[in-house]
$ cat run.cif   # mmCIF, C-alpha atoms, pLDDT in the B column; chains and numbers go by the auth columns
data_coords
loop_
_atom_site.group_PDB
_atom_site.id
_atom_site.type_symbol
_atom_site.label_atom_id
_atom_site.label_comp_id
_atom_site.label_asym_id
_atom_site.label_seq_id
_atom_site.Cartn_x
_atom_site.Cartn_y
_atom_site.Cartn_z
_atom_site.B_iso_or_equiv
_atom_site.auth_seq_id
_atom_site.auth_asym_id
ATOM 1 C CA MET A 1 -25.060 139.210 27.634 42.00 1 K
ATOM 2 C CA THR A 2 -27.960 138.614 25.298 45.00 2 K
ATOM 3 C CA ALA A 3 -29.885 140.999 23.107 43.00 3 K
ATOM 4 C CA ALA A 4 -33.290 142.210 24.244 46.00 4 K
ATOM 5 C CA ARG A 5 -36.205 139.935 23.367 50.00 5 K
ATOM 6 C CA SER A 6 -39.918 140.608 23.166 45.00 6 K
ATOM 7 C CA ASP A 7 -40.931 137.545 25.238 57.00 7 K
ATOM 8 C CA LEU A 8 -39.064 138.435 28.413 65.00 8 K
ATOM 9 C CA ARG A 9 -41.875 139.898 30.507 74.00 9 K
ATOM 10 C CA PRO A 10 -43.007 137.271 33.044 78.00 10 K
ATOM 11 C CA ARG A 11 -46.742 136.708 33.493 78.00 11 K
ATOM 12 C CA PHE A 12 -46.234 136.840 37.236 84.00 12 K
ATOM 13 C CA ARG A 13 -43.335 137.345 39.627 90.00 13 K
ATOM 14 C CA LEU A 14 -42.166 134.999 42.336 92.00 14 K
ATOM 15 C CA PRO A 15 -41.316 136.703 45.636 95.00 15 K
ATOM 16 C CA THR A 16 -37.642 136.929 46.530 96.00 16 K
ATOM 17 C CA LEU A 17 -36.404 135.299 49.725 95.00 17 K
ATOM 18 C CA PRO A 18 -34.200 136.342 52.636 94.00 18 K
ATOM 19 C CA ARG A 19 -30.754 134.760 52.708 91.00 19 K
ATOM 20 C CA ARG A 20 -31.554 131.834 55.010 90.00 20 K
ATOM 21 C CA SER A 21 -34.737 130.910 53.157 94.00 21 K
ATOM 22 C CA TYR A 22 -32.906 131.139 49.838 92.00 22 K
ATOM 23 C CA GLN A 23 -30.181 128.801 51.096 89.00 23 K
ATOM 24 C CA ALA A 24 -32.833 126.366 52.320 90.00 24 K
ATOM 25 C CA LEU A 25 -34.369 126.345 48.842 89.00 25 K
ATOM 26 C CA ILE A 26 -30.976 125.657 47.247 84.00 26 K
ATOM 27 C CA ASP A 27 -30.421 122.802 49.685 82.00 27 K
ATOM 28 C CA LEU A 28 -33.829 121.376 48.812 81.00 28 K
ATOM 29 C CA CYS A 29 -33.039 121.411 45.091 77.00 29 K
ATOM 30 C CA LEU A 30 -29.386 120.341 45.106 74.00 30 K
ATOM 31 C CA ARG A 31 -29.467 118.301 48.322 76.00 31 K
ATOM 32 C CA PRO A 32 -25.700 118.713 48.630 77.00 32 K
ATOM 33 C CA GLU A 33 -23.627 117.117 51.324 82.00 33 K
ATOM 34 C CA VAL A 34 -21.339 120.046 52.130 87.00 34 K
ATOM 35 C CA ILE A 35 -18.074 119.464 53.977 90.00 35 K
ATOM 36 C CA LEU A 36 -16.553 122.719 55.220 93.00 36 K
ATOM 37 C CA ALA A 37 -12.882 122.128 56.029 94.00 37 K
ATOM 38 C CA GLY A 38 -10.908 124.802 57.855 95.00 38 K
ATOM 39 C CA ALA A 39 -13.874 126.784 59.177 95.00 39 K
ATOM 40 C CA ASP A 40 -11.707 127.935 62.100 96.00 40 K
ATOM 41 C CA ARG A 41 -9.621 129.958 59.606 96.00 41 K
ATOM 42 C CA ILE A 42 -12.550 132.197 58.657 97.00 42 K
ATOM 43 C CA PRO A 43 -12.233 135.721 60.141 95.00 43 K
ATOM 44 C CA THR A 44 -15.161 137.197 62.047 92.00 44 K
ATOM 45 C CA GLY A 45 -14.909 140.686 60.568 93.00 45 K
ATOM 46 C CA ALA A 46 -14.277 142.156 57.154 96.00 46 K
ATOM 47 C CA CYS A 47 -12.515 139.772 54.772 98.00 47 K
ATOM 48 C CA ILE A 48 -12.247 138.768 51.148 98.00 48 K
ATOM 49 C CA PHE A 49 -12.815 135.152 50.142 98.00 49 K
ATOM 50 C CA ALA A 50 -10.818 134.368 47.004 97.00 50 K
ATOM 51 C CA THR A 51 -12.416 131.247 45.537 96.00 51 K
ATOM 52 C CA ASN A 52 -11.783 128.967 42.626 95.00 52 K
ATOM 53 C CA HIS A 53 -14.568 128.597 40.056 92.00 53 K
ATOM 54 C CA PRO A 54 -14.736 125.023 38.745 88.00 54 K
ATOM 55 C CA ASN A 55 -18.394 125.308 37.749 83.00 55 K
ATOM 56 C CA ARG A 56 -21.432 127.568 37.765 76.00 56 K
ATOM 57 C CA GLU A 57 -22.891 126.209 40.980 75.00 57 K
ATOM 58 C CA GLU A 58 -20.457 127.763 43.472 81.00 58 K
ATOM 59 C CA ILE A 59 -22.581 130.891 43.690 82.00 59 K
ATOM 60 C CA LEU A 60 -25.364 128.713 45.074 82.00 60 K
ATOM 61 C CA LEU A 61 -23.222 127.463 47.954 85.00 61 K
ATOM 62 C CA VAL A 62 -20.746 130.247 48.715 90.00 62 K
ATOM 63 C CA ASN A 63 -22.983 131.507 51.530 89.00 63 K
ATOM 64 C CA ARG A 64 -22.082 128.344 53.446 88.00 64 K
ATOM 65 C CA LEU A 65 -18.790 130.045 54.338 92.00 65 K
ATOM 66 C CA VAL A 66 -20.286 132.399 56.902 92.00 66 K
ATOM 67 C CA ASN A 67 -23.358 132.766 59.079 89.00 67 K
ATOM 68 C CA ARG A 68 -23.800 136.392 58.097 89.00 68 K
ATOM 69 C CA PRO A 69 -24.488 138.359 54.940 86.00 69 K
ATOM 70 C CA LEU A 70 -21.908 137.747 52.223 94.00 70 K
ATOM 71 C CA ARG A 71 -21.524 140.056 49.226 96.00 71 K
ATOM 72 C CA THR A 72 -20.580 137.992 46.183 96.00 72 K
ATOM 73 C CA ILE A 73 -18.947 139.611 43.156 96.00 73 K
ATOM 74 C CA VAL A 74 -20.559 138.086 40.066 95.00 74 K
ATOM 75 C CA ASP A 75 -20.769 138.522 36.327 93.00 75 K
ATOM 76 C CA ALA A 76 -23.254 141.285 35.582 95.00 76 K
ATOM 77 C CA GLY A 77 -25.280 138.838 33.501 93.00 77 K
ATOM 78 C CA LEU A 78 -26.383 137.053 36.670 93.00 78 K
ATOM 79 C CA LEU A 79 -28.416 140.138 37.542 94.00 79 K
ATOM 80 C CA GLU A 80 -29.962 140.402 34.077 93.00 80 K
ATOM 81 C CA ARG A 81 -33.103 138.529 33.124 91.00 81 K
ATOM 82 C CA GLU A 82 -32.130 138.257 29.438 90.00 82 K
ATOM 83 C CA PHE A 83 -28.784 136.640 30.146 91.00 83 K
ATOM 84 C CA LEU A 84 -30.225 134.251 32.715 90.00 84 K
ATOM 85 C CA LEU A 85 -32.995 133.117 30.410 88.00 85 K
ATOM 86 C CA GLY A 86 -30.403 132.175 27.796 86.00 86 K
ATOM 87 C CA GLU A 87 -28.422 130.223 30.403 83.00 87 K
ATOM 88 C CA ILE A 88 -31.557 128.409 31.563 80.00 88 K
ATOM 89 C CA GLU A 89 -32.476 127.476 28.005 78.00 89 K
ATOM 90 C CA LYS A 90 -28.982 126.108 27.360 78.00 90 K
ATOM 91 C CA ALA A 91 -29.040 124.162 30.619 71.00 91 K
ATOM 92 C CA LEU A 92 -32.390 122.584 29.822 70.00 92 K
ATOM 93 C CA GLN A 93 -31.139 121.543 26.400 71.00 93 K
ATOM 94 C CA ASN A 94 -27.660 120.332 27.320 65.00 94 K
ATOM 95 C CA THR A 95 -27.383 119.538 31.018 57.00 95 K
ATOM 96 C CA TYR A 96 -30.502 118.955 33.049 55.00 96 K
ATOM 97 C CA ARG A 97 -33.118 116.415 32.028 55.00 97 K
ATOM 98 C CA PHE A 98 -36.495 118.035 32.549 57.00 98 K
ATOM 99 C CA PRO A 99 -39.781 117.685 30.644 57.00 99 K
ATOM 100 C CA ASP A 100 -40.290 120.237 27.873 58.00 100 K
ATOM 101 C CA TRP A 101 -43.019 122.045 29.810 57.00 101 K
ATOM 102 C CA VAL A 102 -40.444 123.189 32.368 59.00 102 K
ATOM 103 C CA GLY A 103 -38.996 125.535 29.755 60.00 103 K
ATOM 104 C CA ARG A 104 -42.238 127.534 29.731 70.00 104 K
ATOM 105 C CA PHE A 105 -41.365 128.843 33.165 82.00 105 K
ATOM 106 C CA GLY A 106 -37.903 129.983 32.085 84.00 106 K
ATOM 107 C CA VAL A 107 -38.774 133.699 31.971 87.00 107 K
ATOM 108 C CA ILE A 108 -40.357 133.560 35.425 90.00 108 K
ATOM 109 C CA VAL A 109 -37.347 131.745 36.875 88.00 109 K
ATOM 110 C CA ALA A 110 -34.827 134.057 35.149 91.00 110 K
ATOM 111 C CA ASP A 111 -36.660 137.108 36.451 93.00 111 K
ATOM 112 C CA TRP A 112 -36.711 135.665 39.979 93.00 112 K
ATOM 113 C CA ILE A 113 -32.997 134.740 39.976 92.00 113 K
ATOM 114 C CA ALA A 114 -31.992 138.229 38.796 94.00 114 K
ATOM 115 C CA ARG A 115 -34.021 139.892 41.547 95.00 115 K
ATOM 116 C CA GLN A 116 -32.869 137.336 44.117 95.00 116 K
ATOM 117 C CA HIS A 117 -29.223 138.068 43.359 95.00 117 K
ATOM 118 C CA ARG A 118 -29.904 141.756 43.881 95.00 118 K
ATOM 119 C CA ARG A 119 -31.622 141.057 47.196 95.00 119 K
ATOM 120 C CA LEU A 120 -28.609 139.019 48.339 94.00 120 K
ATOM 121 C CA GLY A 121 -26.371 142.010 47.614 94.00 121 K
ATOM 122 C CA CYS A 122 -24.424 140.507 44.725 96.00 122 K
ATOM 123 C CA ILE A 123 -22.025 143.018 43.184 97.00 123 K
ATOM 124 C CA PRO A 124 -21.953 142.948 39.356 96.00 124 K
ATOM 125 C CA VAL A 125 -18.791 143.225 37.278 96.00 125 K
ATOM 126 C CA VAL A 126 -18.184 143.068 33.531 94.00 126 K
ATOM 127 C CA ARG A 127 -15.337 140.735 32.548 87.00 127 K
ATOM 128 C CA ASP A 128 -14.938 142.056 28.997 85.00 128 K
ATOM 129 C CA PRO A 129 -13.310 145.518 29.133 82.00 129 K
ATOM 130 C CA ALA A 130 -14.485 146.193 25.566 87.00 130 K
ATOM 131 C CA HIS A 131 -18.155 145.819 26.547 87.00 131 K
ATOM 132 C CA PRO A 132 -20.053 149.135 26.549 87.00 132 K
ATOM 133 C CA GLY A 133 -20.312 150.464 30.061 91.00 133 K
ATOM 134 C CA ALA A 134 -17.743 148.051 31.477 93.00 134 K
ATOM 135 C CA PHE A 135 -15.638 150.791 33.062 93.00 135 K
ATOM 136 C CA ALA A 136 -18.611 152.365 34.854 95.00 136 K
ATOM 137 C CA VAL A 137 -19.939 149.029 36.101 95.00 137 K
ATOM 138 C CA ASN A 138 -16.555 147.891 37.369 94.00 138 K
ATOM 139 C CA ARG A 139 -15.851 151.249 38.980 95.00 139 K
ATOM 140 C CA ALA A 140 -19.174 150.994 40.825 97.00 140 K
ATOM 141 C CA ALA A 141 -18.290 147.418 41.862 96.00 141 K
ATOM 142 C CA LEU A 142 -15.012 148.627 43.370 96.00 142 K
ATOM 143 C CA ARG A 143 -16.794 151.354 45.334 97.00 143 K
ATOM 144 C CA ALA A 144 -19.469 148.916 46.542 97.00 144 K
ATOM 145 C CA SER A 145 -16.808 146.418 47.625 97.00 145 K
ATOM 146 C CA ILE A 146 -14.859 149.050 49.536 97.00 146 K
ATOM 147 C CA THR A 147 -18.023 150.251 51.262 97.00 147 K
ATOM 148 C CA ALA A 148 -18.966 146.702 52.265 97.00 148 K
ATOM 149 C CA LEU A 149 -15.502 146.011 53.708 97.00 149 K
ATOM 150 C CA GLU A 150 -15.505 149.322 55.555 97.00 150 K
ATOM 151 C CA LYS A 151 -18.733 148.177 57.222 95.00 151 K
ATOM 152 C CA GLY A 152 -17.049 144.955 58.339 95.00 152 K
ATOM 153 C CA GLU A 153 -18.823 142.747 55.806 96.00 153 K
ATOM 154 C CA ALA A 154 -17.391 139.768 53.926 97.00 154 K
ATOM 155 C CA ILE A 155 -16.919 139.622 50.166 97.00 155 K
ATOM 156 C CA ALA A 156 -16.467 136.578 47.925 97.00 156 K
ATOM 157 C CA MET A 157 -14.927 136.740 44.476 96.00 157 K
ATOM 158 C CA ALA A 158 -13.359 134.373 41.940 96.00 158 K
ATOM 159 C CA PRO A 159 -10.099 136.060 40.880 96.00 159 K
ATOM 160 C CA GLU A 160 -9.568 133.758 37.905 94.00 160 K
ATOM 161 C CA GLY A 161 -12.257 135.726 36.093 88.00 161 K
ATOM 162 C CA GLY A 162 -13.581 132.553 34.470 88.00 162 K
ATOM 163 C CA LEU A 163 -13.949 128.847 35.038 87.00 163 K
ATOM 164 C CA THR A 164 -11.097 127.073 36.800 91.00 164 K
ATOM 165 C CA PRO A 165 -9.162 124.734 34.482 89.00 165 K
ATOM 166 C CA VAL A 166 -9.194 121.049 35.353 85.00 166 K
ATOM 167 C CA GLY A 167 -6.130 120.126 37.366 79.00 167 K
ATOM 168 C CA GLY A 168 -5.051 123.528 38.645 88.00 168 K
ATOM 169 C CA ILE A 169 -5.733 127.188 39.333 95.00 169 K
ATOM 170 C CA GLY A 170 -5.800 129.502 36.349 95.00 170 K
ATOM 171 C CA GLU A 171 -4.128 132.882 36.017 96.00 171 K
ATOM 172 C CA LEU A 172 -5.530 135.335 38.556 97.00 172 K
ATOM 173 C CA GLN A 173 -6.789 138.824 37.830 95.00 173 K
ATOM 174 C CA GLN A 174 -5.672 141.598 40.180 95.00 174 K
ATOM 175 C CA GLY A 175 -9.026 142.674 41.622 94.00 175 K
ATOM 176 C CA VAL A 176 -8.347 141.087 45.018 97.00 176 K
ATOM 177 C CA ALA A 177 -4.964 142.790 45.224 97.00 177 K
ATOM 178 C CA GLN A 178 -6.540 146.109 44.275 96.00 178 K
ATOM 179 C CA LEU A 179 -8.992 145.904 47.176 97.00 179 K
ATOM 180 C CA ALA A 180 -6.341 144.724 49.629 97.00 180 K
ATOM 181 C CA TRP A 181 -3.999 147.533 48.529 97.00 181 K
ATOM 182 C CA TYR A 182 -6.685 150.185 49.043 96.00 182 K
ATOM 183 C CA PHE A 183 -6.968 149.270 52.715 97.00 183 K
ATOM 184 C CA ALA A 184 -3.278 148.505 53.246 95.00 184 K
ATOM 185 C CA ARG A 185 -2.344 152.023 52.141 93.00 185 K
ATOM 186 C CA ARG A 186 -4.724 153.328 54.786 94.00 186 K
ATOM 187 C CA GLY A 187 -3.178 151.262 57.554 93.00 187 K
ATOM 188 C CA ARG A 188 -5.782 148.523 57.631 94.00 188 K
ATOM 189 C CA ALA A 189 -4.955 144.949 56.638 94.00 189 K
ATOM 190 C CA ILE A 190 -7.965 143.111 55.176 97.00 190 K
ATOM 191 C CA PRO A 191 -7.573 139.304 55.395 98.00 191 K
ATOM 192 C CA VAL A 192 -7.769 137.526 52.047 98.00 192 K
ATOM 193 C CA VAL A 193 -8.861 133.923 52.541 98.00 193 K
ATOM 194 C CA PRO A 194 -8.151 131.321 49.805 98.00 194 K
ATOM 195 C CA VAL A 195 -11.118 128.996 49.311 97.00 195 K
ATOM 196 C CA ILE A 196 -11.276 125.893 47.130 95.00 196 K
ATOM 197 C CA PHE A 197 -14.478 124.197 45.993 92.00 197 K
ATOM 198 C CA ALA A 198 -14.114 120.516 45.116 89.00 198 K
ATOM 199 C CA GLY A 199 -16.924 118.371 43.761 79.00 199 K
ATOM 200 C CA SER A 200 -19.087 121.125 42.336 63.00 200 K
ATOM 201 C CA ARG A 201 -18.520 119.829 38.803 57.00 201 K
ATOM 202 C CA ASP A 202 -20.842 116.974 39.759 58.00 202 K
ATOM 203 C CA LEU A 203 -23.644 119.128 41.180 59.00 203 K
ATOM 204 C CA GLU A 204 -25.285 119.822 37.840 55.00 204 K
ATOM 205 C CA ARG A 205 -25.644 116.076 37.335 53.00 205 K
ATOM 206 C CA SER A 206 -27.105 115.623 40.804 50.00 206 K
ATOM 207 C CA LEU A 207 -29.991 118.089 40.642 52.00 207 K
ATOM 208 C CA LEU A 208 -32.862 116.706 42.724 51.00 208 K
ATOM 209 C CA SER A 209 -30.636 113.787 43.747 54.00 209 K
ATOM 210 C CA ARG A 210 -27.693 114.142 46.123 64.00 210 K
ATOM 211 C CA GLY A 211 -24.244 115.546 45.481 69.00 211 K
ATOM 212 C CA ARG A 212 -21.184 116.067 47.653 78.00 212 K
ATOM 213 C CA ILE A 213 -18.985 119.125 47.727 85.00 213 K
ATOM 214 C CA THR A 214 -16.020 120.063 49.864 91.00 214 K
ATOM 215 C CA ILE A 215 -15.230 123.691 50.636 93.00 215 K
ATOM 216 C CA ALA A 216 -11.638 123.962 51.876 95.00 216 K
ATOM 217 C CA VAL A 217 -10.491 127.156 53.586 97.00 217 K
ATOM 218 C CA GLY A 218 -6.808 128.090 53.678 97.00 218 K
ATOM 219 C CA GLU A 219 -4.788 130.426 55.870 97.00 219 K
ATOM 220 C CA ALA A 220 -5.559 134.106 55.365 98.00 220 K
ATOM 221 C CA LEU A 221 -3.082 136.401 53.619 97.00 221 K
ATOM 222 C CA THR A 222 -2.654 140.144 54.020 97.00 222 K
ATOM 223 C CA LEU A 223 -1.052 142.607 51.670 97.00 223 K
ATOM 224 C CA ASP A 224 1.765 144.372 53.498 94.00 224 K
ATOM 225 C CA PRO A 225 3.419 146.958 51.217 92.00 225 K
ATOM 226 C CA LEU A 226 7.192 146.793 51.109 92.00 226 K
ATOM 227 C CA PRO A 227 9.194 150.001 51.635 92.00 227 K
ATOM 228 C CA GLY A 228 9.108 152.018 48.431 92.00 228 K
ATOM 229 C CA GLU A 229 6.999 149.418 46.631 93.00 229 K
ATOM 230 C CA GLN A 230 4.880 150.765 43.807 94.00 230 K
ATOM 231 C CA ARG A 231 1.237 149.859 43.404 94.00 231 K
ATOM 232 C CA LYS A 232 1.608 147.670 40.298 95.00 232 K
ATOM 233 C CA ALA A 233 4.531 145.773 41.810 97.00 233 K
ATOM 234 C CA ALA A 234 2.498 145.132 44.960 96.00 234 K
ATOM 235 C CA PHE A 235 -0.399 143.887 42.848 97.00 235 K
ATOM 236 C CA ARG A 236 1.830 141.412 41.016 97.00 236 K
ATOM 237 C CA ARG A 237 3.523 140.192 44.193 97.00 237 K
ATOM 238 C CA PHE A 238 0.310 139.685 46.156 98.00 238 K
ATOM 239 C CA THR A 239 -1.499 138.072 43.230 98.00 239 K
ATOM 240 C CA ALA A 240 1.369 135.585 42.877 98.00 240 K
ATOM 241 C CA ASP A 241 1.209 134.851 46.624 98.00 241 K
ATOM 242 C CA LEU A 242 -2.534 134.331 46.409 98.00 242 K
ATOM 243 C CA HIS A 243 -2.168 131.987 43.434 98.00 243 K
ATOM 244 C CA ALA A 244 0.376 129.934 45.371 98.00 244 K
ATOM 245 C CA ALA A 245 -1.932 129.805 48.403 98.00 245 K
ATOM 246 C CA MET A 246 -4.952 128.691 46.360 97.00 246 K
ATOM 247 C CA THR A 247 -2.855 126.097 44.545 97.00 247 K
ATOM 248 C CA GLY A 248 -1.578 124.808 47.873 96.00 248 K
ATOM 249 C CA VAL A 249 -5.078 124.406 49.329 96.00 249 K
ATOM 250 C CA ALA A 250 -6.218 122.602 46.174 94.00 250 K
ATOM 251 C CA ALA A 251 -3.192 120.281 46.245 93.00 251 K
ATOM 252 C CA ARG A 252 -3.719 119.384 49.914 91.00 252 K
ATOM 253 C CA LEU A 253 -7.373 118.692 49.273 88.00 253 K
ATOM 254 C CA GLU A 254 -6.554 116.447 46.308 84.00 254 K
ATOM 255 C CA HIS A 255 -3.912 114.585 48.347 73.00 255 K
ATOM 256 C CA ARG A 256 -6.394 114.038 51.168 75.00 256 K
ATOM 257 C CA ALA A 257 -8.972 112.672 48.736 64.00 257 K
ATOM 258 C CA SER A 258 -6.389 110.360 47.117 60.00 258 K
ATOM 259 C CA SER A 259 -5.265 109.085 50.527 59.00 259 K
ATOM 260 C CA ALA A 260 -8.868 108.378 51.528 55.00 260 K
ATOM 261 C CA LEU A 261 -9.487 106.396 48.342 50.00 261 K
ATOM 262 C CA SER A 262 -6.316 104.354 48.803 54.00 262 K
ATOM 263 C CA GLY A 263 -7.098 103.686 52.455 57.00 263 K
ATOM 264 C CA GLU A 264 -3.991 105.395 53.802 54.00 264 K
#

$ encode --input "run.cif" --output "structure tokens"
Amino acid sequence: MTAARSDLRPRFRLPTLPRRSYQALIDLCLRPEVILAGADRIPTGACIFATNHPNREEILLVNRLVNRPLRTIVDAGLLEREFLLGEIEKALQNTYRFPDWVGRFGVIVADWIARQHRRLGCIPVVRDPAHPGAFAVNRAALRASITALEKGEAIAMAPEGGLTPVGGIGELQQGVAQLAWYFARRGRAIPVVPVIFAGSRDLERSLLSRGRITIAVGEALTLDPLPGEQRKAAFRRFTADLHAAMTGVAARLEHRASSALSGE
């Protein structure tokens, strides 16, 4: 997260959009061809989508998973104008090829994105436990996630806690297991659905052109405590199962893509 700056007050504010209108705007900008594989595996009620995180753009397309509100757990910076402005400035310099005058609207865009994420119900977390206020923010995120699931809503989160390494799934944090355990101990099994994004690494190069992304959905898992199993042991076991499931979905997707290229 960035330090406060004196030039962060926008001259005017863009109105935020409801979910469907927001998704339409994303589609207009990215023009992605989205292939959703395994849609029949998506539960209709409360569930947790555990996704990989190969690039920054997944948050723009994760709502394609369901036709209902989806609460996405995101880095707290994505709800902060200062952080977003820094990301926009870096993107304009290093990734996207826009005229220099586009940068003048950075504060307005950063302000709009922060408010838009709040309107969409994104739940902020702080990845660095040493950051001031991290415990309070993450505690509030856990409570918000539990409340959403109790209401029958869907949640999406990237358990790697950072970008997915090329060629595999990184080590998973235990946040998904913690949520699943909370409900399992109360006699309610919340489905955890592994989701793999493929192709999103190319989206940033296809802005205002056309990109292709596949969203592959795997079979749902549930955390079923073993007799006498302690909480930490259950966390480790379920997190390992989830890692194996995500790796399996990614491997099947890669095999399918290789077979298509070879004409098998």

$ closest_residue --input "run.cif" --among "K:Pro225, K:Gly161, K:Pro43, K:Gly168" --to "Gly187 of chain K" --atoms "all atoms listed in the file"
K:Pro225

$ closest_residue --input "run.cif" --among "K:Ile190, K:Leu253, K:Leu65, K:Leu85" --to "Arg41 of chain K" --atoms "all atoms listed in the file"
K:Leu65

$ atom_distance --input "run.cif" --atom1 "atom CA of Arg236 of chain K" --atom2 "atom CA of Ala184 of chain K"
15.0 Å

$ axis_aligned_box --input "run.cif" --around "segment 228-232 of chain K" --padding-each-side "6 Å" --output "lines of an AutoDock Vina configuration file"
center_x = 5.2
center_y = 149.8
center_z = 44.4
size_x = 19.9
size_y = 16.3
size_z = 20.1

$ atom_distance --input "run.cif" --atom1 "atom CA of Glu160 of chain K" --atom2 "atom CA of Arg56 of chain K"
13.4 Å

$ atom_distance --input "run.cif" --atom1 "atom CA of Gln178 of chain K" --atom2 "atom CA of Ala250 of chain K"
23.6 Å

$ closest_residue --input "run.cif" --among "K:Pro15, K:Pro227, K:Gly38, K:Pro129" --to "Ile113 of chain K" --atoms "all atoms listed in the file"
K:Pro15

$ build_atoms --input "run.cif" --residues "segment 219-237 of chain K" --atoms "N, CA and C atoms" --output "mmCIF file, in the frame of the given file"
data_model
loop_
_atom_site.group_PDB
_atom_site.id
_atom_site.type_symbol
_atom_site.label_atom_id
_atom_site.label_comp_id
_atom_site.auth_asym_id
_atom_site.auth_seq_id
_atom_site.Cartn_x
_atom_site.Cartn_y
_atom_site.Cartn_z
ATOM 1 N N GLU K 219 -5.226 129.365 54.973
ATOM 2 C CA GLU K 219 -4.788 130.426 55.870
ATOM 3 C C GLU K 219 -4.907 131.783 55.179
ATOM 4 N N ALA K 220 -5.368 132.772 55.926
ATOM 5 C CA ALA K 220 -5.559 134.106 55.365
ATOM 6 C C ALA K 220 -4.228 134.779 55.046
ATOM 7 N N LEU K 221 -4.232 135.589 53.991
ATOM 8 C CA LEU K 221 -3.082 136.401 53.619
ATOM 9 C C LEU K 221 -3.447 137.866 53.825
ATOM 10 N N THR K 222 -2.452 138.697 54.021
ATOM 11 C CA THR K 222 -2.654 140.144 54.020
ATOM 12 C C THR K 222 -1.604 140.779 53.127
ATOM 13 N N LEU K 223 -1.992 141.875 52.518
ATOM 14 C CA LEU K 223 -1.052 142.607 51.670
ATOM 15 C C LEU K 223 -0.344 143.636 52.543
ATOM 16 N N ASP K 224 0.934 143.450 52.720
ATOM 17 C CA ASP K 224 1.765 144.372 53.498
ATOM 18 C C ASP K 224 2.754 145.030 52.547
ATOM 19 N N PRO K 225 2.532 146.292 52.187
ATOM 20 C CA PRO K 225 3.419 146.958 51.217
ATOM 21 C C PRO K 225 4.862 146.988 51.703
ATOM 22 N N LEU K 226 5.771 146.712 50.801
ATOM 23 C CA LEU K 226 7.192 146.793 51.109
ATOM 24 C C LEU K 226 7.653 148.241 51.008
ATOM 25 N N PRO K 227 8.710 148.620 51.708
ATOM 26 C CA PRO K 227 9.194 150.001 51.635
ATOM 27 C C PRO K 227 9.486 150.413 50.191
ATOM 28 N N GLY K 228 8.876 151.493 49.767
ATOM 29 C CA GLY K 228 9.108 152.018 48.431
ATOM 30 C C GLY K 228 8.429 151.242 47.320
ATOM 31 N N GLU K 229 7.630 150.255 47.658
ATOM 32 C CA GLU K 229 6.999 149.418 46.631
ATOM 33 C C GLU K 229 5.892 150.180 45.919
ATOM 34 N N GLN K 230 5.907 150.126 44.603
ATOM 35 C CA GLN K 230 4.880 150.765 43.807
ATOM 36 C C GLN K 230 3.629 149.889 43.731
ATOM 37 N N ARG K 231 2.535 150.538 43.406
ATOM 38 C CA ARG K 231 1.237 149.859 43.404
ATOM 39 C C ARG K 231 1.223 148.640 42.484
ATOM 40 N N LYS K 232 1.674 148.786 41.253
ATOM 41 C CA LYS K 232 1.608 147.670 40.298
ATOM 42 C C LYS K 232 2.487 146.508 40.740
ATOM 43 N N ALA K 233 3.642 146.827 41.315
ATOM 44 C CA ALA K 233 4.531 145.773 41.810
ATOM 45 C C ALA K 233 3.880 145.032 42.968
ATOM 46 N N ALA K 234 3.194 145.767 43.840
ATOM 47 C CA ALA K 234 2.498 145.132 44.960
ATOM 48 C C ALA K 234 1.371 144.243 44.460
ATOM 49 N N PHE K 235 0.669 144.702 43.433
ATOM 50 C CA PHE K 235 -0.399 143.887 42.848
ATOM 51 C C PHE K 235 0.153 142.560 42.344
ATOM 52 N N ARG K 236 1.250 142.627 41.588
ATOM 53 C CA ARG K 236 1.830 141.412 41.016
ATOM 54 C C ARG K 236 2.310 140.468 42.119
ATOM 55 N N ARG K 237 2.989 141.020 43.116
ATOM 56 C CA ARG K 237 3.523 140.192 44.193
ATOM 57 C C ARG K 237 2.395 139.501 44.967
#
